[in-house]
Structure formats: C-alpha cells, structure tokens
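The file target-v8.cif comes next; it holds mmCIF, C-alpha atoms.
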data_input
loop_
_atom_site.label_atom_id
_atom_site.label_comp_id
_atom_site.auth_asym_id
_atom_site.auth_seq_id
_atom_site.Cartn_x
_atom_site.Cartn_y
_atom_site.Cartn_z
CA MET A 750 -7.92 2.82 11.23
CA LYS A 751 -10.15 2.21 14.28
CA PRO A 752 -7.39 2.83 16.91
CA VAL A 753 -6.61 6.17 15.23
CA PHE A 754 -10.25 7.21 15.44
CA ARG A 755 -10.46 6.18 19.09
CA ILE A 756 -7.27 7.98 20.15
CA SER A 757 -8.26 11.21 18.39
CA LEU A 758 -11.79 11.22 19.72
CA CYS A 759 -10.72 10.39 23.26
CA ALA A 760 -8.18 13.23 23.14
CA LEU A 761 -10.97 15.56 22.05
CA VAL A 762 -13.17 14.34 24.91
CA LEU A 763 -10.43 14.95 27.48
CA LEU A 764 -9.91 18.47 26.17
CA LEU A 765 -13.61 19.21 26.45
CA ALA A 766 -14.06 17.74 29.91
CA GLY A 767 -12.76 20.74 31.81
CA ALA A 768 -15.81 22.99 32.00
CA CYS A 769 -18.32 23.27 34.82
CA ALA A 770 -20.83 25.99 33.82
CA ARG A 771 -24.43 24.78 33.64
CA HIS A 772 -25.80 24.55 30.10
CA LYS A 773 -27.86 22.28 27.82
CA ILE A 774 -27.45 18.51 27.82
CA ILE A 775 -26.76 17.19 24.31
CA PRO A 776 -28.41 13.86 23.35
CA ASP A 777 -25.97 10.99 22.90
CA ARG A 778 -26.51 10.55 19.17
CA LYS A 779 -26.06 14.25 18.48
CA LEU A 780 -22.95 14.27 20.65
CA ALA A 781 -21.60 11.34 18.65
CA GLN A 782 -22.24 13.31 15.46
CA ILE A 783 -20.39 16.29 16.95
CA PHE A 784 -17.43 14.05 17.80
CA HIS A 785 -17.57 12.69 14.24
CA ASP A 786 -17.42 16.18 12.68
CA ALA A 787 -14.78 17.37 15.15
CA PHE A 788 -12.56 14.43 14.28
CA LEU A 789 -12.84 15.22 10.57
CA THR A 790 -11.99 18.86 11.33
CA ASN A 791 -8.97 17.76 13.34
CA ALA A 792 -7.82 15.39 10.58
CA TYR A 793 -8.17 18.14 7.96
CA ILE A 794 -6.09 20.55 10.01
CA GLY A 795 -3.48 17.93 10.83
CA ASP A 796 -3.14 16.89 7.19
CA ARG A 797 -2.38 20.49 6.19
CA GLN A 798 -0.19 21.18 9.24
CA MET A 799 -2.23 24.28 10.07
CA SER A 800 -1.58 26.25 13.25
CA VAL A 801 -4.71 26.60 15.41
CA ASP A 802 -5.56 28.06 18.82
CA SER A 803 -7.19 25.78 21.46
CA LEU A 804 -10.67 24.47 20.80
CA LYS A 805 -12.01 27.50 18.93
CA ILE A 806 -11.65 25.53 15.72
CA TYR A 807 -14.53 23.31 16.87
CA GLU A 808 -16.98 26.12 17.63
CA PRO A 809 -18.47 26.09 14.10
CA VAL A 810 -19.03 22.32 14.48
CA PHE A 811 -20.92 22.82 17.75
CA ALA A 812 -22.91 25.71 16.28
CA LYS A 813 -23.94 23.56 13.32
CA TYR A 814 -25.98 21.41 15.72
CA GLY A 815 -27.27 24.36 17.74
CA TYR A 816 -24.89 24.07 20.70
CA THR A 817 -22.07 26.08 22.21
CA THR A 818 -18.68 24.97 23.45
CA GLU A 819 -20.03 25.32 27.01
CA ASP A 820 -22.92 22.95 26.18
CA VAL A 821 -20.44 20.32 25.08
CA TYR A 822 -18.34 20.89 28.21
CA TYR A 823 -21.38 20.55 30.40
CA THR A 824 -22.70 17.41 28.68
CA ILE A 825 -19.36 15.61 28.98
CA GLY A 826 -18.96 16.70 32.59
CA ASN A 827 -22.36 15.24 33.51
CA PHE A 828 -21.78 11.76 32.10
CA SER A 829 -20.49 10.58 35.49
CA LYS A 830 -23.86 11.45 37.03
CA ARG A 831 -25.84 9.28 34.61
CA LYS A 832 -25.95 5.72 35.89
CA SER A 833 -26.64 3.97 32.59
CA ALA A 834 -24.63 6.26 30.34
CA ARG A 835 -21.02 5.77 29.21
CA LEU A 836 -19.07 8.37 27.28
CA GLY A 837 -17.17 5.52 25.66
CA ASP A 838 -20.40 4.36 23.98
CA VAL A 839 -20.81 7.78 22.38
CA VAL A 840 -17.22 7.66 21.16
CA GLU A 841 -17.88 4.21 19.69
CA LEU A 842 -20.90 5.55 17.80
CA ALA A 843 -18.71 8.24 16.24
CA ILE A 844 -16.06 5.67 15.35
CA GLU A 845 -18.60 3.33 13.76
CA GLN A 846 -19.96 6.15 11.62
CA LEU A 847 -16.47 7.18 10.51
CA GLU A 848 -15.58 3.59 9.61
CA ALA A 849 -18.84 3.09 7.69
CA GLU A 850 -18.20 6.28 5.73
CA GLY A 851 -14.62 5.19 5.09
CA LYS A 852 -15.78 1.87 3.62
CA ALA A 853 -18.35 3.63 1.45
CA LEU A 854 -15.71 6.06 0.18
CA ASN A 855 -13.33 3.18 -0.56
CA ARG A 856 -16.06 1.51 -2.64
CA GLU A 857 -16.66 4.75 -4.53
CA VAL A 858 -12.94 5.18 -5.16
CA ALA A 859 -12.75 1.60 -6.47
CA VAL A 860 -15.63 2.31 -8.86
CA LEU A 861 -13.99 5.53 -10.07
CA ASP A 862 -10.66 3.72 -10.53
CA THR A 863 -12.44 1.08 -12.61
CA ILE A 864 -14.04 3.76 -14.78
CA ASP A 865 -10.64 5.44 -15.22
CA ASN A 866 -9.01 2.17 -16.27
CA VAL A 867 -11.83 1.25 -18.67
CA ALA A 868 -11.70 4.70 -20.24
CA ARG A 869 -7.94 4.61 -20.66
CA ARG A 870 -8.06 1.18 -22.30
CA ALA A 871 -10.98 2.17 -24.52
CA PHE A 872 -9.20 5.18 -25.97
CA THR A 873 -5.66 3.80 -26.21
CA ARG A 874 -4.64 3.63 -29.85
CA THR A 875 -1.58 2.77 -31.90
CA VAL A 876 -0.09 5.87 -33.51
CA TYR A 877 2.92 4.23 -35.17
CA ALA A 878 3.74 0.65 -36.12
CA ASP A 879 6.23 -1.22 -38.29
CA SER A 880 6.55 -5.00 -38.23
CA LEU A 881 10.01 -5.22 -39.81
CA ILE A 882 12.90 -2.80 -40.39
CA ARG A 883 16.15 -4.21 -41.74
CA VAL A 884 19.27 -2.05 -41.48
CA GLY A 885 22.16 -3.45 -43.50
CA SER A 886 23.93 -0.28 -44.65
CA LEU A 887 24.68 3.21 -43.36
CA ARG A 888 22.00 4.60 -45.65
CA ASP A 889 19.40 2.32 -44.03
CA THR A 890 19.94 3.92 -40.62
CA ALA A 891 17.64 6.77 -41.69
CA ARG A 892 14.75 4.30 -41.37
CA LEU A 893 15.32 4.27 -37.61
CA ARG A 894 15.18 8.04 -37.20
CA ILE A 895 11.52 8.48 -36.42
CA ALA A 896 9.60 11.56 -35.23
CA ILE A 897 6.00 11.36 -33.98
CA ASP A 898 3.89 14.41 -33.17
CA VAL A 899 2.49 14.15 -29.65
CA GLN A 900 -0.27 15.52 -27.45
CA PRO A 901 -0.70 15.35 -23.66
CA GLY A 902 -1.01 11.81 -22.35
CA GLU A 903 1.20 8.73 -22.27
CA TYR A 904 3.14 7.10 -25.09
CA ASP A 905 4.34 3.50 -24.84
CA LEU A 906 7.17 2.54 -27.16
CA ARG A 907 8.08 -1.10 -27.64
CA LEU A 908 10.16 -3.06 -30.13
CA LYS A 909 12.46 -6.04 -30.55
CA TYR A 910 15.94 -5.76 -31.99
CA LEU A 911 18.75 -8.04 -33.09
CA VAL A 912 22.31 -6.90 -33.75
CA ASP A 913 23.78 -9.88 -35.57
CA SER A 914 27.31 -11.05 -36.31
CA LEU A 915 27.50 -9.14 -39.61
CA ASP A 916 27.56 -5.81 -37.76
CA ARG A 917 31.02 -4.18 -38.14
CA ASN A 918 30.81 -1.68 -35.27
CA ASP A 919 33.19 -3.32 -32.83
CA ARG A 920 32.54 -0.83 -30.02
CA GLY A 921 28.85 -1.44 -30.27
CA LEU A 922 25.75 0.59 -30.97
CA ARG A 923 23.36 2.64 -28.87
CA GLY A 924 19.69 3.46 -29.18
CA VAL A 925 18.40 6.89 -28.14
CA VAL A 926 14.80 7.99 -27.56
CA TRP A 927 13.57 11.32 -26.20
CA LEU A 928 10.82 13.92 -26.14
CA GLU A 929 11.38 17.10 -28.11
CA ARG A 930 10.08 20.27 -26.48
CA LYS A 931 8.51 23.11 -28.42
CA ASP A 932 11.76 25.08 -28.07
CA SER A 933 13.64 22.14 -29.69
CA THR A 934 15.41 21.09 -26.47
CA ARG A 935 15.34 17.49 -25.31
CA ALA A 936 13.49 15.98 -22.36
CA SER A 937 13.18 12.46 -20.94
CA VAL A 938 16.25 11.34 -22.88
CA TYR A 939 16.91 7.59 -22.61
CA THR A 940 19.95 5.83 -24.02
CA THR A 941 20.41 2.08 -24.15
CA THR A 942 23.37 -0.03 -25.25
CA LEU A 943 22.31 -2.51 -27.92
CA ARG A 944 23.28 -6.07 -27.07
CA ARG A 945 24.65 -8.32 -29.77
CA ASN A 946 23.77 -11.72 -31.20
CA ARG A 947 20.41 -12.22 -29.50
CA THR A 948 16.95 -10.76 -29.83
CA GLU A 949 16.19 -8.21 -27.12
CA ASN A 950 13.03 -6.37 -26.07
CA PHE A 951 13.03 -2.62 -25.60
CA THR A 952 10.19 -0.69 -23.94
CA ARG A 953 9.84 2.86 -22.75
CA ARG A 954 6.94 4.99 -21.47
CA PHE A 955 6.80 8.76 -21.93
CA THR A 956 4.48 11.14 -20.10
CA VAL A 957 3.75 14.05 -22.40
CA ASP A 958 2.45 17.49 -21.47
CA SER A 959 1.73 20.68 -23.39
CA THR A 960 5.44 21.66 -23.50
CA HIS A 961 6.31 18.72 -25.79
CA ARG A 962 5.76 18.49 -29.52
CA ARG A 963 7.41 15.26 -30.71
CA LEU A 964 8.57 11.84 -29.62
CA ARG A 965 11.86 11.05 -31.33
CA LEU A 966 13.54 7.71 -31.90
CA ASP A 967 17.12 7.41 -33.15
CA PHE A 968 17.72 3.76 -32.58
CA ILE A 969 21.17 3.47 -34.11
CA ASP A 970 23.74 5.79 -32.59
CA PHE A 971 27.39 5.00 -33.33
CA ARG A 972 30.02 5.08 -30.58
CA GLU A 973 32.85 5.62 -33.07
CA LYS A 974 33.31 6.10 -36.81
CA PRO A 975 30.24 4.45 -38.36
CA GLN A 976 30.83 1.08 -39.98
CA ARG A 977 28.35 -1.13 -41.79
CA PRO A 978 25.53 -2.03 -39.37
CA SER A 979 23.46 -5.20 -39.36
CA VAL A 980 20.37 -4.68 -37.23
CA THR A 981 16.84 -6.04 -37.48
CA ILE A 982 13.95 -4.29 -35.76
CA THR A 983 10.63 -6.12 -35.39
CA ASP A 984 7.26 -5.34 -33.83
CA LEU A 985 7.95 -1.62 -33.48
CA MET A 986 4.84 0.00 -32.01
CA VAL A 987 3.94 3.26 -30.29
CA ASP A 988 0.64 3.39 -28.37
CA TYR A 989 -0.98 6.60 -27.19
CA THR A 990 -3.21 6.81 -24.09
CA PRO A 991 -4.91 10.14 -23.41
CA ARG A 992 -4.89 11.70 -19.98
CA THR A 993 -7.34 10.04 -17.62
CA SER A 994 -9.65 13.07 -17.43
CA ALA A 995 -9.84 13.33 -21.21
CA ALA A 996 -10.43 9.59 -21.60
CA VAL A 997 -13.25 9.59 -19.03
CA ASP A 998 -14.91 12.60 -20.70
CA SER A 999 -14.72 10.82 -24.06
CA LEU A 1000 -16.18 7.65 -22.55
CA TYR A 1001 -19.15 9.55 -21.11
CA LEU A 1002 -19.73 11.33 -24.43
CA GLN A 1003 -19.54 8.01 -26.26
CA GLN A 1004 -22.13 6.46 -23.94
CA LEU A 1005 -24.34 9.51 -24.37
CA ASP A 1006 -24.14 9.22 -28.17
CA ILE A 1007 -25.08 5.52 -27.96
CA ARG A 1008 -28.05 6.30 -25.72
CA ILE A 1009 -29.28 9.09 -28.01
CA PHE A 1010 -28.93 6.83 -31.05
CA ALA A 1011 -30.84 4.03 -29.32
CA ASP A 1012 -33.64 6.38 -28.33
CA GLU A 1013 -33.96 7.71 -31.87
CA PHE A 1014 -33.82 4.21 -33.36
CA PHE A 1015 -36.60 2.81 -31.19
CA ARG A 1016 -38.68 5.95 -31.65
CA ALA A 1017 -38.43 5.56 -35.42
CA ALA A 1018 -39.23 1.83 -35.21
CA LEU A 1019 -42.43 2.26 -33.17
CA PRO A 1020 -45.76 3.03 -34.88
CA ALA A 1021 -46.72 6.69 -34.67
CA ASP A 1022 -49.87 5.97 -32.65
CA SER A 1023 -47.87 4.21 -29.95
CA LEU A 1024 -45.74 7.25 -29.13
#
Translate this structure into structure tokens?
Amino acid sequence: MKPVFRISLCALVLLLAGACARHKIIPDRKLAQIFHDAFLTNAYIGDRQMSVDSLKIYEPVFAKYGYTTEDVYYTIGNFSKRKSARLGDVVELAIEQLEAEGKALNREVAVLDTIDNVARRAFTRTVYADSLIRVGSLRDTARLRIAIDVQPGEYDLRLKYLVDSLDRNDRGLRGVVWLERKDSTRASVYTTTLRRNRTENFTRRFTVDSTHRRLRLDFIDFREKPQRPSVTITDLMVDYTPRTSAAVDSLYLQQLDIRIFADEFFRAALPADSL
C-alpha cells in the first residue's frame, strides 16, 4: 500500500510544482494534510473512473484549509530555498497518516465482520428436520416431496442418502431441489444423480430474496418408468439464516432487551431509599 501512496502523492506534487506567483507559505503539517486529502480525492475519482479537468478537482481541498491553488504552487516551489526542509518529508507525513487510518479502518472492519458473523450464528435456526425417511415403495416417494415456505436470507439443505441393492430402477434415480418463485416458476434448480450402494452426503445452499416463496425438494426423480425404489434418507435438515442486516438488528434489539431487563431487575431489588 505504501508505494501506491508515495507514487500518487509524488505525482500530485509534480503537477503542483509549476507555479511561480508569490503567495502564502503553507506550514509543513498543513501541507501534508492537504496532500492526504488530495490523495483521497484522487483515489475516489479513480475508483469511479470519473472524467476530470486538470487540478480544479483539488481546489475545494485547498479551500478547506484556507489556501488557494496558487498558495500550494508557491509553497512547493519554495522548498528548494529552505535549507533544512525536504518536500519528501511532507509526503512521508501524508503517507504515514494514510497508513495509520488504513490500519484503523481495517480494525473497524474486522470488528464489524465479527459482529455480522456472531449475529448470523445467533439467529440461524432449523426450519425443517427429519432423522429418518425410508422409501420402499412408489407410494413412499411422496415423503420426499417437501415444500418449505421461505423468507429472504440463506437456506442450507443437508442430508445423507443410501440407494441400496433392492432398488429396481436400473437407469438410476435423480434428486431435484429448487426455489419456487411467487409466479410459480423455478429458480436455482439443482439436479444430482443418486449414487448406489453407499451412503452419500448431499448439501446445497440457497440465497432467497423477496421474489421467492418456497424451497422445494423432490429427492426421487425417475429417469424412466418408475420401478420399486429402495432409498433411505437420514439427517435431513434445513437451516435458515436471516440476511446479515436483519440478524445484526435483531442482535442489537436482543442486547437492548437484556439491558433493560437487568436495569429493571436491579432497580426492583434495591431498597427504595437507596434509589
């Protein structure tokens, strides 16, 4: 990150070094702060690929500190006349400030990420579960046609299955899962071929928005004329995790409720004359 700061700030300095009119000298620390703000302005514009004209984009930055573009020109042009002053030192001050702010922001982002993860885990819940489903006839296949009403967030489906040697569907079986939209069309359709004679894990994650109304599971889909199946499903579970923003809001409200309850409890426990 530091080389990027240095290159950008040095480029800015070179662009500013062309003026010769006599104006105010800017103190080094304020000049470093101007370089700092100008770099952020430049980064913002570059990130959005905005078209700009010359250095006019920096004029509001200079004005913020009470200086004009000519003052900045003049200050940079006079560095060569100051025996103990180096423009590079001012640039380094700006770089150090940018790096310190970057580290602080990274720490804040890490804290926010932790809060997001805690909130998501705290409000994840199981919305459907079945420990054992045995399908030994065509009529039993209805037990594996499951529909779950959904709301925005993420749904994690997981199960184990075994297609054993008693299954009579020689061309094999398929499992199909999908999201049903409000207009009854399908989205996020996933089809898997069921392997035979060994227990297999199946997992799938669905991201649900307001256009969806159900998660559907049809875990036995015949490739040809249906014959007697022999399938065992175990540990079927669907977990729901709300959207991060909703989970965080719920976490804050939960903490607020706990704090209010604690305040009321201790207030009730204390003698009246101590309040």
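This file, queried with the PyMOL selection byres ((chain A and resi 828) around 12), gives the residues Val762, Ala766, Ile774, Ile775, Pro776, Asp777, Leu780, Val821, Tyr822, Tyr823, Thr824, Ile825, Gly826, Asn827, Ser829, Lys830, Arg831, Lys832, Ser833, Ala834, Arg835, Leu836, Gly837, Asp838 and Val839 of chain A.
When only C-alpha atoms are used to compute distances to Tyr904 (chain A), the closest of the residues A:Val957, A:Leu847, A:Val980, A:Ala812 turns out to be A:Val957.
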### Task
Go ahead and find all residues with at least one atom no further than 8 Å from (-21.5, 19.8, 18.1) in the file's coordinates, using all atoms listed in the file; report them as a VMD selection string.
chain A and resid 779 to 780 782 to 784 786 to 787 807 to 808 810 to 818 821
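For the choices A:Ile794, A:Lys773, A:Ala891, A:Asp898, the atom-to-atom distance to Asp820 (chain A) is smallest for A:Lys773 when using all atoms listed in the file.
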### Task
Fewer than 4 positions away in the same chain doesn't count, so skip those; otherwise give me all residues within 9 Å of Asp913 (chain A), counting all atoms listed in the file, as a list in words.
Arg945, Asn946, Arg947, Thr948, Pro978, Ser979, Val980 and Thr981 of chain A
If you keep C-alpha atoms, can you produce a file of those selected residues as an mmCIF file, keeping the file's coordinate frame?
data_model
loop_
_atom_site.group_PDB
_atom_site.id
_atom_site.type_symbol
_atom_site.label_atom_id
_atom_site.label_comp_id
_atom_site.auth_asym_id
_atom_site.auth_seq_id
_atom_site.Cartn_x
_atom_site.Cartn_y
_atom_site.Cartn_z
ATOM 1 C CA ARG A 945 24.650 -8.320 -29.770
ATOM 2 C CA ASN A 946 23.770 -11.720 -31.200
ATOM 3 C CA ARG A 947 20.410 -12.220 -29.500
ATOM 4 C CA THR A 948 16.950 -10.760 -29.830
ATOM 5 C CA PRO A 978 25.530 -2.030 -39.370
ATOM 6 C CA SER A 979 23.460 -5.200 -39.360
ATOM 7 C CA VAL A 980 20.370 -4.680 -37.230
ATOM 8 C CA THR A 981 16.840 -6.040 -37.480
#
### Message
Between CA of Arg778 (chain A) and CA of Leu842 (chain A), what distance in Å does the model show, to one decimal?
### Response
7.6 Å
Which residues of region 823-935 of chain A come within 12 Å of region 964-967 of chain A, and what is each one's closest atom pair and distance in Å (one decimal), counting all atoms listed in the file, sorted by chain and residue number, as CSV?
residue,atom,partner,partner_atom,distance
A:Val876,CA,A:Leu964,CA,11.2
A:Tyr877,CA,A:Leu964,CA,11.0
A:Thr890,CA,A:Asp967,CA,8.7
A:Ala891,CA,A:Asp967,CA,8.6
A:Arg892,CA,A:Asp967,CA,9.1
A:Leu893,CA,A:Asp967,CA,5.7
A:Arg894,CA,A:Asp967,CA,4.5
A:Ile895,CA,A:Leu966,CA,5.0
A:Ala896,CA,A:Arg965,CA,4.5
A:Ile897,CA,A:Leu964,CA,5.1
A:Asp898,CA,A:Leu964,CA,6.4
A:Val899,CA,A:Leu964,CA,6.5
A:Gln900,CA,A:Leu964,CA,9.8
A:Pro901,CA,A:Leu964,CA,11.6
A:Glu903,CA,A:Leu964,CA,10.9
A:Tyr904,CA,A:Leu964,CA,8.5
A:Asp905,CA,A:Leu964,CA,10.5
A:Leu906,CA,A:Leu966,CA,9.5
A:Arg907,CA,A:Leu966,CA,11.2
A:Leu908,CA,A:Leu966,CA,11.4
A:Leu922,CA,A:Asp967,CA,11.2
A:Arg923,CA,A:Asp967,CA,8.9
A:Gly924,CA,A:Asp967,CA,6.2
A:Val925,CA,A:Asp967,CA,5.2
A:Val926,CA,A:Leu966,CA,4.5
A:Trp927,CA,A:Arg965,CA,5.4
A:Leu928,CA,A:Leu964,CA,4.6
A:Glu929,CA,A:Leu964,CA,6.2
A:Arg930,CA,A:Leu964,CA,9.1
A:Lys931,CA,A:Leu964,CA,11.3
A:Ser933,CA,A:Arg965,CA,11.4
A:Thr934,CA,A:Arg965,CA,11.7
A:Arg935,CA,A:Arg965,CA,9.5
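In this model, the gap between CA of Thr790 (chain A) and CA of Pro809 (chain A) comes to 10.1 Å.
With CA of Leu943 (chain A) on one side and CA of Arg883 (chain A) on the other, the separation reads 15.2 Å.
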### Message
Using the chain letters and numbers from this file, what does the PyMOL selection byres ((chain A and resi 977) around 9) select? Give the answer as a PyMOL selection string.
### Response
chain A and resi 885-887+915-918+975-976+978-979
## Note on the structure
In terms of only C-alpha atoms, the residue from A:Glu848, A:Asp879, A:Asp988, A:Glu973 at minimal distance from Phe955 (chain A) is A:Asp988
